[in-house]
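Written below as structure tokens is the structure these notes are about.
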Amino acid sequence: MRPLALAALVTLGCARPSPPPHSAPPEAPPAASATPPAADAGAPTVHPHLVLLRAIAGGEALDAHTDPSLGLLVVEHVEAGPGPGASATRQARRDCGARIAADRGAVELIRAALAQGESFPPDCERDVCTVPGMEFAPVYRFVFEGSRLTQILRLSEAALPAEALRARDAYVTSRVEDQRAHRCRPPAP
């Protein structure tokens, strides 16, 4: 098609038809309603657990969103990244009671995961929210029981040989089983 013909086609397709002579005036727009419009059916919904994580990252009390009998299990199993001074991290802790409220490290993990989630969108299914990782970016998993956060996992996943993945999984599984076997003590009256 010649450029001139293409330009004419585009122009004709975009032009508004002129009203016929002596036509009725256009109808007035409907009056404004006090009721807000319904949510767009095509708009994505945000999983409630992701909303909760964002609230904690924004300053809501972490201990208000944890199960007092399970506490909060934080497991990190991350391989050393490239560069000088990089080291592997292998640690697990379970906080109960007032220690949950004082655990700034757990809140920082949530913030780091959500920041990483800007590049790798989080995925929540049932009671687990996952922020995927890549080669030297760890995967984050947040495990919930109902609306209560019970576990934060920060794990290397990509570029690991099968044996390293099995060792990582055994480490995480043993920490989770320990959390289930040893409940937090109720606070003293």
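Identifiers in this document derive from the order of the structure tokens: chains are assigned A, B, ..., residues are numbered from 1 separately in each chain, and ligands are numbered from 1 in order of occurrence.
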Region 53-128 of chain A: residues DSSP assigns to helix (DSSP H, G or I), reported as a count of residues only: 27
Which residues of region 57-96 of chain A come within 7 Å of region 136-156 of chain A, and for each one, what is the closest pair of atoms and their distance in Å to one decimal, counting only C-alpha atoms, sorted by chain and residue number, as JSON lines?
```
{"residue": "A:His65", "atom": "CA", "partner": "A:Arg148", "partner_atom": "CA", "distance": 5.1}
{"residue": "A:Thr66", "atom": "CA", "partner": "A:Arg148", "partner_atom": "CA", "distance": 4.6}
{"residue": "A:Asp67", "atom": "CA", "partner": "A:Arg148", "partner_atom": "CA", "distance": 5.6}
{"residue": "A:Leu70", "atom": "CA", "partner": "A:Thr150", "partner_atom": "CA", "distance": 6.7}
{"residue": "A:Gly71", "atom": "CA", "partner": "A:Thr150", "partner_atom": "CA", "distance": 6.4}
{"residue": "A:Leu72", "atom": "CA", "partner": "A:Thr150", "partner_atom": "CA", "distance": 4.8}
{"residue": "A:Leu73", "atom": "CA", "partner": "A:Gln151", "partner_atom": "CA", "distance": 4.6}
{"residue": "A:Val74", "atom": "CA", "partner": "A:Ile152", "partner_atom": "CA", "distance": 4.8}
{"residue": "A:Val75", "atom": "CA", "partner": "A:Leu153", "partner_atom": "CA", "distance": 4.9}
{"residue": "A:Glu76", "atom": "CA", "partner": "A:Arg154", "partner_atom": "CA", "distance": 4.7}
{"residue": "A:His77", "atom": "CA", "partner": "A:Leu155", "partner_atom": "CA", "distance": 4.9}
{"residue": "A:Val78", "atom": "CA", "partner": "A:Ser156", "partner_atom": "CA", "distance": 4.7}
{"residue": "A:Glu79", "atom": "CA", "partner": "A:Ser156", "partner_atom": "CA", "distance": 6.0}
{"residue": "A:Gly81", "atom": "CA", "partner": "A:Phe136", "partner_atom": "CA", "distance": 5.8}
```
- request: Find the residues near Ala181 (chain A): any atom within 12 Å, counting only C-alpha atoms, skip ones fewer than 6 places away on the same chain, and give them as a PyMOL selection string.
  value: chain A and resi 69-70+174-175
message: What does the structure give for the distance between CA of Val131 (chain A) and CA of Gln116 (chain A), in Å to one decimal?
response: 7.4 Å
